[in-house]
Amino acid sequence: MSNTTFEELLEAGCHFGHLTRKWNPKMAPYIFMERNGIHIIDLHKTAVKLDDAAAALKQIAKSGRKILFVATKKQAKLIVAEKVAAVNMPYVTERWPGGMLTNFPTIRKAVKKMSTIDKMEGDGTLNHLSKRERLQISRQRAKLEKNLGSIADLTRLPAALFVVDVMKEYIAVKEANRLNIPVFAIVDTNSNPEGIDFVVPANDDASSSVSILLDIVTAAIKEGLSERKVEKETEASDKKVAKPRKAKKEEAPAKAAPAVKAAPVVEAAPVVEAAPAVETAPVVEETPVVEVAPEAPVAKATPEAPATEEKKSDKE
C-alpha cells in the first residue's frame, strides 16, 4: 500500500474546510490556517491519518469481515456505490434505515423477504396470483432493493463503519458507538470528531476529494482481500501435501504389525527344551563295553608254547 502524497490531496482540494464562523472548535488540531474566511486543513495530518485508517481497514478486510460504508449525500453517493461495489463491501447510499445496526435482526428479515420474492418469481408462484397482487409485490421488491439491496450480503453486524459526512450520518455513528463498532470517517471543519475512532480530516463536500480518499481506502481493502486469498490458497495446498504424508505413516505400521505378531513363533524355541534328550547321554555309560578288553586273557593260549617245544624236540 503506497503512502498518500501531499500533492495528490492538494490537487483534489482536500484542504478546503468550511467558513470560519461554522467551524467546530474540536477540529482545531487539524486546521492549518484561515484564508478568505475559510479554514484550511493541514494536509500533512490528513495524509498521516488516512494512512492509519487505510492500514486498519486493510487488516479488517484481511480477516474476512465486512466494512459498511455510509454516504447518503448527493455528491458522494454515486462515488461510494461505484468504488465500494468493486471491492464487494456493503454500503448505504439512500436514507439510513433507523435501527440498521441496533435492530439488525429486523433488517435481516426484510432482506430475507426480498430473497423470498425472488424465489417466487423463479419458480412461477407469482403467476398464480392476481395482477393486482403481483403489482404490489413487485413494488415492494423494488423498494426493498433500493434501500437494502446493497446490504443483502451483510449476514451479521459489520466489523467497521466508514462514514463520509459525520453531521449528516449522525444516527449511523450513534448506533455504531452504542454497539462498540469502530467508526472511520471523513471529518470536515464543521463536524464533531468525538465518537470517531479514525478521523480523516478533509473536505467532505467536493466530489474530487471524496473520490481520491475512497480510492486510497478501497485500494487498501482490495490489498487485504488479495492477501487473504493467497493465505487460503497456501493453506489448502499445505493440507493437500500433509494428507498423503499422514496416509503413508498410517500404512507403514499396518504392514509391520503382522510381522510383530508372527514373532511369537520364535517362542516355539522351547522345542529346544527337548535338549533333555541329551540326557540320554547316559547311553554313553555303556562304554563299559570297552571292558570287553578283559577278554585279552585269551592270550592264555600261549601255554601252547610247549608245542613249539615239541617242534624243537622234533627237530632234535
# chains A, B, ... in the order shown; residues from 1 in each chain; ligands from 1
$ select_by_dssp --residues "segment 26-252 of chain A" --states "helix (DSSP H, G or I)" --output "PyMOL selection string"
chain A and resi 26-30+43-62+74-85+104-123+125-128+131-151+170-178+207-252
$ residues_around --residues "segment 217-223 of chain A" --least-positions-apart "4" --cutoff "8 Å" --atoms "only C-alpha atoms" --output "ChimeraX atom specification"
/A:1,53-55,57-58,61-62,83-84,87,213,227
$ residues_around --residues "segment 157-162 of chain A" --least-positions-apart "4" --cutoff "10 Å" --atoms "only C-alpha atoms" --output "PyMOL selection string"
chain A and resi 53+56-57+60-61+63-71+89-91+100-102+104-105+166+172-173+176-177+179-186+196-198+217
$ atom_distance --atom1 "atom CA of Glu7 of chain A" --atom2 "atom CA of Lys49 of chain A"
15.8 Å
$ residues_around --residues "segment 139-147 of chain A" --least-positions-apart "3" --cutoff "10 Å" --atoms "only C-alpha atoms" --output "PyMOL selection string"
chain A and resi 92-97+110-111+113-118+133-136+150-152
$ write_last_selection --atoms "C-alpha atoms" --output "CSV table (one decimal), in the first residue's frame"
chain,number,residue,atom,x,y,z
A,92,VAL,CA,-25.9,2.6,2.2
A,93,THR,CA,-26.4,5.5,-0.2
A,94,GLU,CA,-30.1,6.0,0.4
A,95,ARG,CA,-31.9,7.0,3.6
A,96,TRP,CA,-30.3,5.4,6.6
A,97,PRO,CA,-32.9,2.9,7.9
A,110,ALA,CA,-36.6,-7.6,5.3
A,111,VAL,CA,-33.6,-8.8,3.3
A,113,LYS,CA,-38.3,-11.2,2.4
A,114,MET,CA,-36.6,-9.8,-0.7
A,115,SER,CA,-34.9,-13.1,-1.5
A,116,THR,CA,-38.3,-14.9,-0.9
A,117,ILE,CA,-39.9,-12.7,-3.6
A,118,ASP,CA,-37.0,-13.6,-5.9
A,133,GLU,CA,-51.1,-8.8,-6.1
A,134,ARG,CA,-48.2,-9.2,-8.5
A,135,LEU,CA,-48.0,-5.4,-8.9
A,136,GLN,CA,-48.0,-4.9,-5.1
A,150,SER,CA,-26.6,-3.1,-1.3
A,151,ILE,CA,-26.5,-4.9,2.1
A,152,ALA,CA,-28.1,-8.2,1.0
$ atom_distance --atom1 "atom CA of Pro201 of chain A" --atom2 "atom CA of Lys74 of chain A"
20.0 Å
$ residues_around --residues "Met167 of chain A" --least-positions-apart "2" --cutoff "8 Å" --atoms "only C-alpha atoms" --output "ChimeraX atom specification"
/A:165,169-170,191-192
$ residues_around --residues "Ser208 of chain A" --least-positions-apart "6" --cutoff "10 Å" --atoms "only C-alpha atoms" --output "PyMOL selection string"
chain A and resi 9+11-14+75-76+79+214
